[in-house]
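> Structure: structure-v1.cif, mmCIF, C-alpha atoms and all ligand atoms.
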data_final
#
loop_
_atom_site.label_atom_id
_atom_site.label_comp_id
_atom_site.auth_asym_id
_atom_site.auth_seq_id
_atom_site.Cartn_x
_atom_site.Cartn_y
_atom_site.Cartn_z
CA MET A 19 -11.84 -11.92 25.72
CA THR A 20 -13.25 -10.70 22.45
CA ASP A 21 -10.98 -10.73 19.44
CA HIS A 22 -10.23 -7.07 19.02
CA SER A 23 -7.08 -7.65 17.11
CA ASP A 24 -6.15 -6.07 13.87
CA ASN A 25 -4.21 -8.36 11.59
CA HIS A 26 -2.16 -5.64 10.01
CA ALA A 27 -1.15 -4.03 13.26
CA THR A 28 -0.46 -7.41 14.79
CA ALA A 29 1.78 -8.32 11.89
CA ILE A 30 3.84 -5.19 12.38
CA ARG A 31 4.25 -5.92 16.05
CA SER A 32 5.01 -9.61 16.03
CA GLY A 33 6.54 -10.26 12.64
CA GLY A 34 3.38 -11.85 11.31
CA GLN A 35 2.49 -14.07 14.25
CA LYS A 36 -0.84 -13.33 15.75
CA PRO A 37 -0.66 -13.30 19.54
CA SER A 38 -2.94 -15.78 21.22
CA ILE A 39 -3.91 -13.39 24.00
CA LEU A 40 -5.40 -10.15 22.86
CA PRO A 41 -4.42 -7.29 25.01
CA TRP A 42 -6.92 -4.47 24.85
CA ARG A 43 -9.02 -4.27 27.98
CA GLY A 44 -10.92 -1.16 27.23
CA ARG A 45 -10.87 2.47 27.75
CA ARG A 46 -11.47 4.06 31.09
CA GLY A 47 -14.07 6.73 31.63
CA ALA A 48 -13.30 9.90 33.55
CA ASN A 49 -14.04 8.08 36.80
CA GLY A 50 -11.58 5.35 35.95
CA SER A 51 -14.21 2.72 35.12
CA LEU A 52 -13.53 0.59 32.08
CA GLN A 53 -15.73 1.29 29.07
CA ALA A 54 -16.39 -1.04 26.19
CA GLN A 55 -14.12 -0.18 23.33
CA GLN A 56 -14.69 -1.01 19.70
CA PRO A 57 -11.39 -0.74 17.89
CA GLY A 58 -12.17 -0.44 14.19
CA LEU A 59 -11.67 -3.81 12.59
CA GLY A 60 -10.59 -2.32 9.32
CA HIS A 61 -9.37 -4.52 6.53
CA ASP A 62 -10.57 -2.18 3.87
CA THR A 63 -8.75 -1.15 0.77
CA LEU A 64 -7.43 2.35 1.32
CA SER A 65 -7.02 4.79 -1.47
CA LEU A 66 -3.88 6.85 -1.20
CA PRO A 67 -3.21 10.21 -2.77
CA ALA A 68 -0.90 9.84 -5.78
CA THR A 69 1.76 12.22 -4.48
CA MET A 70 2.59 14.04 -1.29
CA ALA A 71 1.36 17.22 -2.93
CA ASP A 72 -2.10 15.63 -3.27
CA THR A 73 -2.39 14.86 0.40
CA LEU A 74 -4.77 16.62 2.73
CA PRO A 75 -3.65 19.86 4.37
CA LEU A 76 -1.20 19.58 7.23
CA ALA A 77 -2.83 17.99 10.24
CA GLU A 78 -3.06 19.07 13.85
CA LEU A 79 -2.98 16.44 16.57
CA ASP A 80 -4.70 17.35 19.81
CA ALA A 81 -4.39 15.13 22.89
CA ARG A 82 -7.01 15.95 25.51
CA GLU A 83 -6.94 14.86 29.12
CA ILE A 84 -4.99 11.67 28.45
CA THR A 85 -4.75 9.35 31.42
CA ALA A 86 -2.98 6.01 30.95
CA TRP A 87 -2.65 2.83 32.97
CA PHE A 88 -0.63 -0.35 32.83
CA GLY A 89 -2.83 -2.62 34.91
CA ASP A 90 -3.63 -0.58 38.01
CA HIS A 91 -0.53 1.58 37.65
CA MET A 92 -1.48 5.03 36.39
CA VAL A 93 1.48 6.38 34.41
CA LEU A 94 0.02 9.54 32.85
CA GLU A 95 -2.62 11.80 34.33
CA ARG A 96 -4.76 14.25 32.39
CA VAL A 97 -2.12 15.19 29.86
CA SER A 98 -3.28 17.66 27.22
CA LEU A 99 -1.10 18.83 24.36
CA THR A 100 -1.76 20.35 20.96
CA MET A 101 0.79 19.32 18.37
CA ARG A 102 0.50 21.96 15.72
CA ALA A 103 0.14 21.26 12.04
CA GLY A 104 3.37 21.51 10.08
CA GLU A 105 5.55 21.86 13.14
CA VAL A 106 7.96 19.64 15.04
CA THR A 107 6.92 19.12 18.66
CA ALA A 108 9.63 17.67 20.93
CA LEU A 109 8.71 15.68 24.05
CA ILE A 110 11.42 15.88 26.69
CA GLY A 111 11.73 14.69 30.27
CA PRO A 112 13.53 12.19 32.52
CA SER A 113 13.38 8.43 31.97
CA GLY A 114 10.11 6.81 33.00
CA CYS A 115 7.94 9.94 32.91
CA GLY A 116 5.65 8.53 30.20
CA LYS A 117 6.91 10.05 26.92
CA SER A 118 6.85 6.77 25.00
CA THR A 119 3.51 5.82 26.49
CA PHE A 120 2.08 9.16 25.42
CA LEU A 121 3.50 8.71 21.92
CA ARG A 122 2.02 5.23 21.61
CA ILE A 123 -1.36 6.56 22.64
CA LEU A 124 -1.19 9.04 19.76
CA ASN A 125 -1.49 6.23 17.20
CA ARG A 126 -3.36 3.58 19.17
CA MET A 127 -0.33 1.41 19.83
CA HIS A 128 -0.79 1.60 23.60
CA GLN A 129 -3.69 -0.83 23.27
CA LEU A 130 -1.29 -3.53 22.08
CA VAL A 131 0.23 -3.74 25.56
CA PRO A 132 -1.39 -6.35 27.80
CA GLY A 133 -3.37 -4.69 30.58
CA ALA A 134 -3.08 -1.22 29.10
CA ALA A 135 -5.96 1.22 29.32
CA LEU A 136 -6.53 4.90 28.74
CA ALA A 137 -8.98 7.75 29.08
CA GLY A 138 -9.15 10.93 27.08
CA GLU A 139 -9.26 11.85 23.41
CA VAL A 140 -6.77 12.15 20.57
CA LEU A 141 -8.13 14.42 17.86
CA LEU A 142 -6.63 14.33 14.38
CA ASP A 143 -7.96 17.48 12.77
CA GLY A 144 -10.90 17.41 15.16
CA THR A 145 -11.82 13.71 14.85
CA ASP A 146 -11.13 11.42 17.82
CA ILE A 147 -9.02 8.50 16.56
CA TYR A 148 -10.53 6.42 19.39
CA ASP A 149 -14.10 7.08 18.30
CA PRO A 150 -15.79 3.70 17.63
CA SER A 151 -16.44 4.79 14.04
CA GLN A 152 -12.71 5.23 13.40
CA ARG A 153 -10.73 2.33 11.98
CA LEU A 154 -7.58 1.19 13.73
CA THR A 155 -5.73 0.66 10.44
CA GLU A 156 -6.64 4.13 9.26
CA ALA A 157 -5.41 5.73 12.50
CA ARG A 158 -2.08 3.91 12.20
CA ARG A 159 -1.78 4.80 8.54
CA GLN A 160 -2.43 8.48 9.15
CA ILE A 161 -0.20 8.61 12.21
CA GLY A 162 3.05 6.73 11.53
CA MET A 163 5.74 5.73 14.01
CA VAL A 164 9.53 5.47 13.87
CA PHE A 165 11.17 3.69 16.78
CA GLN A 166 14.42 4.12 18.71
CA LYS A 167 16.01 1.02 17.22
CA PRO A 168 15.85 0.88 13.42
CA ASN A 169 13.57 -2.06 12.57
CA PRO A 170 13.59 -2.70 8.83
CA PHE A 171 12.69 -6.22 7.69
CA PRO A 172 16.33 -7.36 7.44
CA ALA A 173 16.02 -10.01 4.73
CA MET A 174 13.59 -7.98 2.63
CA SER A 175 14.99 -5.77 -0.12
CA ILE A 176 15.33 -2.03 0.36
CA TYR A 177 12.62 -1.58 -2.31
CA ASP A 178 10.18 -3.97 -0.62
CA ASN A 179 10.89 -2.48 2.79
CA VAL A 180 9.71 0.92 1.57
CA ILE A 181 6.42 -0.42 0.25
CA ALA A 182 5.84 -2.99 3.02
CA GLY A 183 3.17 -0.77 4.58
CA LEU A 184 1.06 -0.84 1.43
CA LYS A 185 0.38 -4.55 1.80
CA LEU A 186 -0.21 -4.24 5.51
CA THR A 187 -2.84 -1.55 4.94
CA GLY A 188 -4.42 -3.36 1.98
CA VAL A 189 -3.35 -0.87 -0.69
CA LYS A 190 -2.88 -2.09 -4.25
CA ALA A 191 -0.57 -0.22 -6.63
CA THR A 192 0.85 -0.83 -10.09
CA ARG A 193 4.55 -1.54 -10.57
CA GLY A 194 5.15 1.92 -12.03
CA ARG A 195 3.38 3.58 -9.16
CA LYS A 196 5.42 1.56 -6.68
CA ASP A 197 8.67 2.55 -8.44
CA ASP A 198 7.68 6.22 -8.19
CA LEU A 199 6.67 5.85 -4.56
CA VAL A 200 9.90 4.09 -3.58
CA GLU A 201 11.99 6.83 -5.16
CA GLU A 202 9.91 9.64 -3.73
CA CYS A 203 9.99 8.24 -0.19
CA LEU A 204 13.70 7.47 -0.27
CA VAL A 205 14.39 10.99 -1.53
CA LYS A 206 12.26 12.47 1.25
CA ALA A 207 13.98 10.30 3.85
CA GLY A 208 17.38 11.49 2.59
CA LEU A 209 18.51 8.01 1.51
CA TRP A 210 17.96 7.90 -2.26
CA ARG A 211 21.45 8.96 -3.31
CA GLU A 212 23.04 6.27 -1.16
CA VAL A 213 20.83 3.34 -2.23
CA SER A 214 19.41 4.09 -5.68
CA GLY A 215 21.84 1.63 -7.30
CA ARG A 216 21.09 -1.25 -4.95
CA LEU A 217 17.38 -1.28 -4.24
CA ARG A 218 17.24 -5.08 -4.45
CA GLN A 219 19.79 -5.57 -1.68
CA PRO A 220 18.47 -6.50 1.77
CA GLY A 221 17.49 -3.74 4.19
CA GLY A 222 19.60 -5.42 6.86
CA ALA A 223 22.75 -4.72 4.83
CA LEU A 224 22.52 -0.97 5.46
CA SER A 225 24.28 0.93 8.26
CA GLY A 226 22.27 1.84 11.37
CA GLY A 227 21.74 5.42 10.20
CA GLN A 228 20.70 4.24 6.75
CA GLN A 229 18.34 1.67 8.27
CA GLN A 230 16.68 4.39 10.31
CA ARG A 231 16.18 6.50 7.18
CA LEU A 232 14.79 3.39 5.46
CA CYS A 233 12.27 3.12 8.30
CA ILE A 234 11.36 6.76 7.81
CA ALA A 235 10.87 6.08 4.07
CA ARG A 236 8.70 3.06 4.93
CA SER A 237 6.56 5.24 7.21
CA LEU A 238 6.14 7.86 4.51
CA ALA A 239 4.97 5.39 1.84
CA VAL A 240 1.46 5.15 3.30
CA ARG A 241 1.13 8.95 3.25
CA PRO A 242 0.89 9.65 6.97
CA ARG A 243 -0.30 13.04 8.15
CA VAL A 244 1.65 12.78 11.39
CA LEU A 245 4.99 11.08 12.08
CA LEU A 246 5.78 10.03 15.64
CA MET A 247 9.45 9.41 16.42
CA ASP A 248 10.65 7.85 19.68
CA GLU A 249 14.32 8.77 20.19
CA PRO A 250 15.02 8.05 16.50
CA CYS A 251 18.69 9.04 16.71
CA SER A 252 19.71 7.64 20.07
CA ALA A 253 21.31 4.55 18.51
CA LEU A 254 23.09 6.55 15.79
CA ASP A 255 26.44 8.24 15.31
CA PRO A 256 26.65 12.06 15.08
CA THR A 257 26.84 12.08 11.27
CA SER A 258 23.73 9.92 10.83
CA THR A 259 22.00 12.00 13.47
CA ARG A 260 22.76 15.16 11.55
CA VAL A 261 21.43 13.65 8.31
CA ILE A 262 18.18 12.64 10.03
CA GLU A 263 17.80 16.06 11.62
CA GLU A 264 18.21 17.66 8.19
CA THR A 265 15.65 15.23 6.82
CA LEU A 266 13.16 16.27 9.51
CA ALA A 267 13.48 19.90 8.54
CA ASP A 268 12.31 18.98 5.01
CA LEU A 269 9.70 16.43 6.06
CA VAL A 270 7.85 18.81 8.32
CA LYS A 271 6.66 20.70 5.24
CA ASP A 272 4.48 17.64 4.48
CA VAL A 273 3.94 15.90 7.81
CA THR A 274 3.38 17.06 11.37
CA ILE A 275 6.17 15.60 13.54
CA VAL A 276 6.29 14.61 17.20
CA ILE A 277 9.72 13.52 18.44
CA VAL A 278 10.87 12.19 21.81
CA THR A 279 14.47 13.05 22.56
CA HIS A 280 16.84 13.01 25.52
CA ASN A 281 19.22 15.23 23.60
CA MET A 282 18.58 18.84 24.57
CA GLN A 283 20.65 20.19 21.69
CA GLN A 284 18.61 18.09 19.31
CA ALA A 285 15.34 19.36 20.78
CA GLN A 286 16.57 22.91 20.23
CA ARG A 287 17.79 22.21 16.70
CA VAL A 288 14.75 20.37 15.35
CA SER A 289 11.64 21.47 17.22
CA ASN A 290 9.33 24.46 17.04
CA GLU A 291 7.47 23.53 20.23
CA CYS A 292 8.56 21.58 23.25
CA ALA A 293 6.71 19.82 26.08
CA PHE A 294 8.46 18.93 29.34
CA PHE A 295 7.11 15.75 31.00
CA LEU A 296 7.84 14.85 34.59
CA ALA A 297 6.77 12.06 36.96
CA GLU A 298 7.42 12.83 40.58
CA GLU A 299 8.12 9.89 42.87
CA ASN A 300 5.32 7.29 42.72
CA SER A 301 3.13 9.72 40.76
CA PRO A 302 1.90 9.59 37.19
CA GLY A 303 3.61 11.67 34.54
CA TYR A 304 2.26 15.06 33.49
CA ILE A 305 3.37 18.07 31.48
CA VAL A 306 5.08 20.69 33.62
CA GLU A 307 5.35 23.24 30.83
CA HIS A 308 5.07 23.48 27.09
CA GLY A 309 5.49 26.20 24.53
CA PRO A 310 7.79 27.50 21.80
CA THR A 311 11.16 25.72 22.05
CA GLU A 312 13.09 28.97 22.14
CA ALA A 313 11.11 30.13 25.21
CA MET A 314 11.31 26.74 26.92
CA PHE A 315 15.10 26.84 26.75
CA ASN A 316 15.78 30.54 27.23
CA SER A 317 13.03 31.74 29.55
CA PRO A 318 11.25 28.76 31.11
CA GLN A 319 8.40 29.62 33.46
CA ASP A 320 8.87 26.71 35.85
CA PRO A 321 12.10 26.25 37.84
CA ARG A 322 11.93 22.47 37.19
CA THR A 323 11.97 23.11 33.45
CA ALA A 324 14.96 25.42 33.91
CA ASP A 325 16.78 22.74 35.90
CA TYR A 326 16.02 20.02 33.37
CA VAL A 327 16.91 21.91 30.20
CA GLY A 328 19.97 23.25 32.02
CA GLY A 329 21.13 19.66 32.64
CA ARG A 330 20.82 19.89 36.43
CA PHE A 331 18.74 16.68 36.70
CA GLY A 332 17.39 13.79 34.59
N1 LIG B 401 4.62 -2.45 28.97
C1 LIG B 401 4.60 -1.89 30.16
N2 LIG B 401 4.04 -2.52 31.21
C2 LIG B 401 4.01 -1.96 32.43
N3 LIG B 401 4.51 -0.74 32.71
C3 LIG B 401 5.07 -0.06 31.71
C4 LIG B 401 5.16 -0.60 30.38
N4 LIG B 401 5.78 0.31 29.60
C5 LIG B 401 6.08 1.35 30.38
N5 LIG B 401 5.65 1.13 31.65
C6 LIG B 401 5.82 2.06 32.79
O1 LIG B 401 5.19 3.29 32.43
C7 LIG B 401 5.96 4.39 32.88
C8 LIG B 401 6.30 5.28 31.71
O2 LIG B 401 7.15 4.57 30.82
P1 LIG B 401 7.61 5.16 29.42
O3 LIG B 401 8.31 4.07 28.71
O4 LIG B 401 6.43 5.78 28.76
O5 LIG B 401 8.62 6.30 29.88
P2 LIG B 401 9.62 7.20 29.01
O6 LIG B 401 9.40 8.60 29.45
O7 LIG B 401 9.46 6.88 27.56
O8 LIG B 401 11.04 6.71 29.53
P3 LIG B 401 12.45 6.62 28.74
O9 LIG B 401 12.93 8.04 28.61
O10 LIG B 401 13.31 5.79 29.64
O11 LIG B 401 12.20 5.97 27.40
C9 LIG B 401 7.16 3.81 33.59
O12 LIG B 401 6.88 3.79 34.96
C10 LIG B 401 7.26 2.42 33.04
O13 LIG B 401 7.84 1.54 33.97
MG MG B 402 10.71 6.08 26.12
#
Please lay out the structure from this file as structure tokens.

Amino acid sequence: MTDHSDNHATAIRSGGQKPSILPWRGRRGANGSLQAQQPGLGHDTLSLPATMADTLPLAELDAREITAWFGDHMVLERVSLTMRAGEVTALIGPSGCGKSTFLRILNRMHQLVPGAALAGEVLLDGTDIYDPSQRLTEARRQIGMVFQKPNPFPAMSIYDNVIAGLKLTGVKATRGRKDDLVEECLVKAGLWREVSGRLRQPGGALSGGQQQRLCIARSLAVRPRVLLMDEPCSALDPTSTRVIEETLADLVKDVTIVIVTHNMQQAQRVSNECAFFLAEENSPGYIVEHGPTEAMFNSPQDPRTADYVGGRFG
């Protein structure tokens, strides 16, 4: 198999160890046949805007006709969803319907899974992140991810955790610039007040809720245009959850957010738009209904949506 790996992405996934088997098989065409795929082998030096205010306008993410496989198992079929610029889109649906898979496709992480393949397009402001001309590192920088379980580098200081992504994406910055960035990102992630006096302490010494906000700060440091969050509060207590939800309400002024949640109250509190995924028995997942969150919860069009948001199944 050709070495299609990306050192930076691999480092994030495996703690620095490059896997010996490289997973990406290719991308399937509309008829399901595998097409050659050229993930961008980017090790370039990226230039980042100096402040959030200097970043590009808010970005729209548009998934078109996404079909996904693990081996021969099709888990999503022709899923299309526009995630509007400057809004929070919540992905809801029962376990196993493909929400996490869909999220991973939105920043090219699906291709890290052995045997994974996909068809369709993901347009970031009109440009397909899977186009051969697009660099893998750039897609992951522009579209950040926060996971269910907080995953800071535990022995690394809080300060170094925040700027860890700079090294991984090949960005060089002066000490002063790093200091500013660390403060700005911790403020935006709602953690600055709690940690400003102990930035040199290890990230692993923080509480779970603080660690999750540290991970959000780390994501923000590379100036993403979209932040993907896969059940970011499911391992947290109600107070930490509330702090993160408040943080999201501020963040969305700078970054388009897509969040997976099993918590229907949370979906209603944090999201502008909502998409309901479902996988019927032995069938791939698809979107039953999507639209403004208020309408999805108060006047759903599909009876299955009404049953799900009403807590009658899933
Ligand atoms: N690495 C993998 N290898 C093979 N199959 C996988 C892999 N990851 C997920 N799947 C399968 O893909 C389907 C969708 O899984 P996914 O994790 O996307 O669901 P989900 O909606 O996020 O579920 P949950 O709410 O439990 O997190 C499931 O049938 C699952 O078993
Ligand atoms: Mg999931």
> Give the residue list for ligand MG 402 (chain B) at 9 Å, counting only C-alpha atoms and all ligand atoms, as a list in words, sorted by chain and then by residue number.
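Counting only C-alpha atoms and all ligand atoms, the residues within 9 Å of ligand MG 402 (chain B) come out as Ser113, Gly114, Cys115, Gly116, Lys117, Ser118, Thr119, Leu121, Gln166, Asp248, Glu249, Val278 and Thr279 of chain A.
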> Taking only residues of chain A that have an atom at most 10 Å from an atom of ligand LIG 401 (chain B), what is each one's shortest atom pair and its distance in Å to one decimal, using only C-alpha atoms and all ligand atoms, in chain and number order, as a tab-separated table?

residue	atom	partner	partner_atom	distance
A:Ala86	CA	B:LIG401	O1	8.7
A:Trp87	CA	B:LIG401	O1	7.9
A:Phe88	CA	B:LIG401	C2	4.9
A:Gly89	CA	B:LIG401	C2	7.3
A:Asp90	CA	B:LIG401	C2	9.6
A:His91	CA	B:LIG401	N3	7.4
A:Met92	CA	B:LIG401	O1	7.9
A:Val93	CA	B:LIG401	C7	5.1
A:Leu94	CA	B:LIG401	C8	7.7
A:Leu109	CA	B:LIG401	O6	8.9
A:Ile110	CA	B:LIG401	O6	8.0
A:Gly111	CA	B:LIG401	O6	6.6
A:Pro112	CA	B:LIG401	O9	5.7
A:Ser113	CA	B:LIG401	O9	3.4
A:Gly114	CA	B:LIG401	O5	3.5
A:Cys115	CA	B:LIG401	O6	4.0
A:Gly116	CA	B:LIG401	O4	3.2
A:Lys117	CA	B:LIG401	O6	3.8
A:Ser118	CA	B:LIG401	O7	3.7
A:Thr119	CA	B:LIG401	O4	3.7
A:Phe120	CA	B:LIG401	O4	6.4
A:Leu121	CA	B:LIG401	O4	8.0
A:Arg122	CA	B:LIG401	O4	8.4
A:Ile123	CA	B:LIG401	O4	9.9
A:His128	CA	B:LIG401	N1	8.6
A:Leu130	CA	B:LIG401	N1	9.1
A:Val131	CA	B:LIG401	N1	5.7
A:Pro132	CA	B:LIG401	N1	7.3
A:Gly133	CA	B:LIG401	N2	7.7
A:Ala134	CA	B:LIG401	N2	7.5
A:Gln166	CA	B:LIG401	O11	9.2
A:Asp248	CA	B:LIG401	O7	8.0
A:Glu249	CA	B:LIG401	O11	8.0
A:Val278	CA	B:LIG401	O7	8.0
A:Thr279	CA	B:LIG401	O9	8.0
A:His280	CA	B:LIG401	O9	7.0
A:Phe295	CA	B:LIG401	O6	7.7
A:Leu296	CA	B:LIG401	O6	8.2
A:Ala297	CA	B:LIG401	O12	8.5
A:Asn300	CA	B:LIG401	O12	8.7
A:Ser301	CA	B:LIG401	O12	9.1
A:Pro302	CA	B:LIG401	C7	7.9
A:Gly303	CA	B:LIG401	C8	7.5
A:Gly332	CA	B:LIG401	O9	9.4
> Would you mind exporting C-alpha atoms of the selected residues as a PDB file, in the coordinates of the input?

ATOM      1  CA  ALA A  86      -2.980   6.010  30.950  1.00  0.00           C
ATOM      2  CA  TRP A  87      -2.650   2.830  32.970  1.00  0.00           C
ATOM      3  CA  PHE A  88      -0.630  -0.350  32.830  1.00  0.00           C
ATOM      4  CA  GLY A  89      -2.830  -2.620  34.910  1.00  0.00           C
ATOM      5  CA  ASP A  90      -3.630  -0.580  38.010  1.00  0.00           C
ATOM      6  CA  HIS A  91      -0.530   1.580  37.650  1.00  0.00           C
ATOM      7  CA  MET A  92      -1.480   5.030  36.390  1.00  0.00           C
ATOM      8  CA  VAL A  93       1.480   6.380  34.410  1.00  0.00           C
ATOM      9  CA  LEU A  94       0.020   9.540  32.850  1.00  0.00           C
ATOM     10  CA  LEU A 109       8.710  15.680  24.050  1.00  0.00           C
ATOM     11  CA  ILE A 110      11.420  15.880  26.690  1.00  0.00           C
ATOM     12  CA  GLY A 111      11.730  14.690  30.270  1.00  0.00           C
ATOM     13  CA  PRO A 112      13.530  12.190  32.520  1.00  0.00           C
ATOM     14  CA  SER A 113      13.380   8.430  31.970  1.00  0.00           C
ATOM     15  CA  GLY A 114      10.110   6.810  33.000  1.00  0.00           C
ATOM     16  CA  CYS A 115       7.940   9.940  32.910  1.00  0.00           C
ATOM     17  CA  GLY A 116       5.650   8.530  30.200  1.00  0.00           C
ATOM     18  CA  LYS A 117       6.910  10.050  26.920  1.00  0.00           C
ATOM     19  CA  SER A 118       6.850   6.770  25.000  1.00  0.00           C
ATOM     20  CA  THR A 119       3.510   5.820  26.490  1.00  0.00           C
ATOM     21  CA  PHE A 120       2.080   9.160  25.420  1.00  0.00           C
ATOM     22  CA  LEU A 121       3.500   8.710  21.920  1.00  0.00           C
ATOM     23  CA  ARG A 122       2.020   5.230  21.610  1.00  0.00           C
ATOM     24  CA  ILE A 123      -1.360   6.560  22.640  1.00  0.00           C
ATOM     25  CA  HIS A 128      -0.790   1.600  23.600  1.00  0.00           C
ATOM     26  CA  LEU A 130      -1.290  -3.530  22.080  1.00  0.00           C
ATOM     27  CA  VAL A 131       0.230  -3.740  25.560  1.00  0.00           C
ATOM     28  CA  PRO A 132      -1.390  -6.350  27.800  1.00  0.00           C
ATOM     29  CA  GLY A 133      -3.370  -4.690  30.580  1.00  0.00           C
ATOM     30  CA  ALA A 134      -3.080  -1.220  29.100  1.00  0.00           C
ATOM     31  CA  GLN A 166      14.420   4.120  18.710  1.00  0.00           C
ATOM     32  CA  ASP A 248      10.650   7.850  19.680  1.00  0.00           C
ATOM     33  CA  GLU A 249      14.320   8.770  20.190  1.00  0.00           C
ATOM     34  CA  VAL A 278      10.870  12.190  21.810  1.00  0.00           C
ATOM     35  CA  THR A 279      14.470  13.050  22.560  1.00  0.00           C
ATOM     36  CA  HIS A 280      16.840  13.010  25.520  1.00  0.00           C
ATOM     37  CA  PHE A 295       7.110  15.750  31.000  1.00  0.00           C
ATOM     38  CA  LEU A 296       7.840  14.850  34.590  1.00  0.00           C
ATOM     39  CA  ALA A 297       6.770  12.060  36.960  1.00  0.00           C
ATOM     40  CA  ASN A 300       5.320   7.290  42.720  1.00  0.00           C
ATOM     41  CA  SER A 301       3.130   9.720  40.760  1.00  0.00           C
ATOM     42  CA  PRO A 302       1.900   9.590  37.190  1.00  0.00           C
ATOM     43  CA  GLY A 303       3.610  11.670  34.540  1.00  0.00           C
ATOM     44  CA  GLY A 332      17.390  13.790  34.590  1.00  0.00           C
TER      45      GLY A 332
END
> Show me, as a PyMOL selection string, the residues that have an atom within 10 Å of A:Ala108 when counting all atoms listed in the file, minus same-chain residues fewer than 2 positions from it.
chain A and resi 101+105-106+110+247-248+275-280+282+284-286+288-294+308+311
> For A:Ala103, which residue out of A:Ala239, A:Ala182, A:Leu142, A:Pro318 is the nearest one, using all atoms listed in the file?
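Comparing A:Ala239, A:Ala182, A:Leu142, A:Pro318 against A:Ala103, the winner is A:Leu142.
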> Just how far from atom CA of A:Leu246 is atom CA of A:Gly215, in Å to one decimal?
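A separation of 29.2 Å between them.
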> How many Å lie between atom CA of A:Pro250 and atom CA of A:Ile262, rounded to one decimal?
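Between atom CA of A:Pro250 and atom CA of A:Ile262 the gap is 8.5 Å.
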> Given 6 Å on each side, where is the centre and what are the edge lengths in Å to one decimal of the axis-aligned box enclosing the listed atoms of stretch 98-111 of chain A, as lines of an AutoDock Vina configuration file?

center_x = 4.2
center_y = 18.3
center_z = 20.2
size_x = 27.0
size_y = 19.3
size_z = 32.2
> Do you know which residues are at most 8 Å from A:Leu99 counting all atoms listed in the file, after dropping those on the same chain fewer than 6 positions away, and could you put them as an MDAnalysis selection string?
chainID A and resid 80:82
> How far is it from atom CA of A:Ala253 to atom CA of A:Leu184, in Å with one decimal?
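Atom CA of A:Leu184 lies at a distance of 27.0 Å from atom CA of A:Ala253.
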> With distances taken over only C-alpha atoms, which of A:Leu124, A:Val244, A:Val200, A:Val189 is nearest to A:Lys271?
A:Val244
> Any idea what's packed within 12 Å of A:Val261, counting only C-alpha atoms, ignoring anything in its chain fewer than 5 positions away? Could you give it as a PyMOL selection string?
chain A and resi 206-209+227-228+230-231+250-251+254-256+266-268+288
> Go ahead and save the picked residues with C-alpha atoms, as an mmCIF file, keeping the file's coordinate frame.

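Saved the output as out_27.cif:
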data_model
loop_
_atom_site.group_PDB
_atom_site.id
_atom_site.type_symbol
_atom_site.label_atom_id
_atom_site.label_comp_id
_atom_site.auth_asym_id
_atom_site.auth_seq_id
_atom_site.Cartn_x
_atom_site.Cartn_y
_atom_site.Cartn_z
ATOM 1 C CA LYS A 206 12.260 12.470 1.250
ATOM 2 C CA ALA A 207 13.980 10.300 3.850
ATOM 3 C CA GLY A 208 17.380 11.490 2.590
ATOM 4 C CA LEU A 209 18.510 8.010 1.510
ATOM 5 C CA GLY A 227 21.740 5.420 10.200
ATOM 6 C CA GLN A 228 20.700 4.240 6.750
ATOM 7 C CA GLN A 230 16.680 4.390 10.310
ATOM 8 C CA ARG A 231 16.180 6.500 7.180
ATOM 9 C CA PRO A 250 15.020 8.050 16.500
ATOM 10 C CA CYS A 251 18.690 9.040 16.710
ATOM 11 C CA LEU A 254 23.090 6.550 15.790
ATOM 12 C CA ASP A 255 26.440 8.240 15.310
ATOM 13 C CA PRO A 256 26.650 12.060 15.080
ATOM 14 C CA LEU A 266 13.160 16.270 9.510
ATOM 15 C CA ALA A 267 13.480 19.900 8.540
ATOM 16 C CA ASP A 268 12.310 18.980 5.010
ATOM 17 C CA VAL A 288 14.750 20.370 15.350
#
> Counting all atoms listed in the file, what is within 6 Å of A:Val97, bar same-chain residues fewer than 3 positions away, as a PyMOL selection string?
chain A and resi 83-84+304
> Which polymer residues, whether protein, DNA or RNA, lie within 12 Å of the coordinate (-11.9, 22.3, 12.3) when you count all atoms listed in the file? List them as a PyMOL selection string, using the chain letters and numbers from the file.
chain A and resi 75+77-80+141-145
> Keeping only C-alpha atoms, write those residues as a compact mmCIF listing (two decimals), in the coordinates of the input.

# COMPACT_ATOMS: atom_id res chain seq x y z
CA PRO A 75 -3.65 19.86 4.37
CA ALA A 77 -2.83 17.99 10.24
CA GLU A 78 -3.06 19.07 13.85
CA LEU A 79 -2.98 16.44 16.57
CA ASP A 80 -4.70 17.35 19.81
CA LEU A 141 -8.13 14.42 17.86
CA LEU A 142 -6.63 14.33 14.38
CA ASP A 143 -7.96 17.48 12.77
CA GLY A 144 -10.90 17.41 15.16
CA THR A 145 -11.82 13.71 14.85
> Which residues, written as a compact mmCIF listing (two decimals) with C-alpha atoms, keeping the file's coordinate frame, have at least one atom at most 10 Å from stretch 220-224 of chain A, with all atoms listed in the file counted and residues fewer than 4 positions away on the same chain left out?

# COMPACT_ATOMS: atom_id res chain seq x y z
CA PRO A 168 15.85 0.88 13.42
CA ASN A 169 13.57 -2.06 12.57
CA PRO A 170 13.59 -2.70 8.83
CA PHE A 171 12.69 -6.22 7.69
CA PRO A 172 16.33 -7.36 7.44
CA ALA A 173 16.02 -10.01 4.73
CA MET A 174 13.59 -7.98 2.63
CA SER A 175 14.99 -5.77 -0.12
CA ILE A 176 15.33 -2.03 0.36
CA TYR A 177 12.62 -1.58 -2.31
CA ASP A 178 10.18 -3.97 -0.62
CA ASN A 179 10.89 -2.48 2.79
CA VAL A 180 9.71 0.92 1.57
CA GLU A 212 23.04 6.27 -1.16
CA VAL A 213 20.83 3.34 -2.23
CA ARG A 216 21.09 -1.25 -4.95
CA GLN A 228 20.70 4.24 6.75
CA GLN A 229 18.34 1.67 8.27
CA GLN A 230 16.68 4.39 10.31
CA ARG A 231 16.18 6.50 7.18
CA LEU A 232 14.79 3.39 5.46
CA CYS A 233 12.27 3.12 8.30
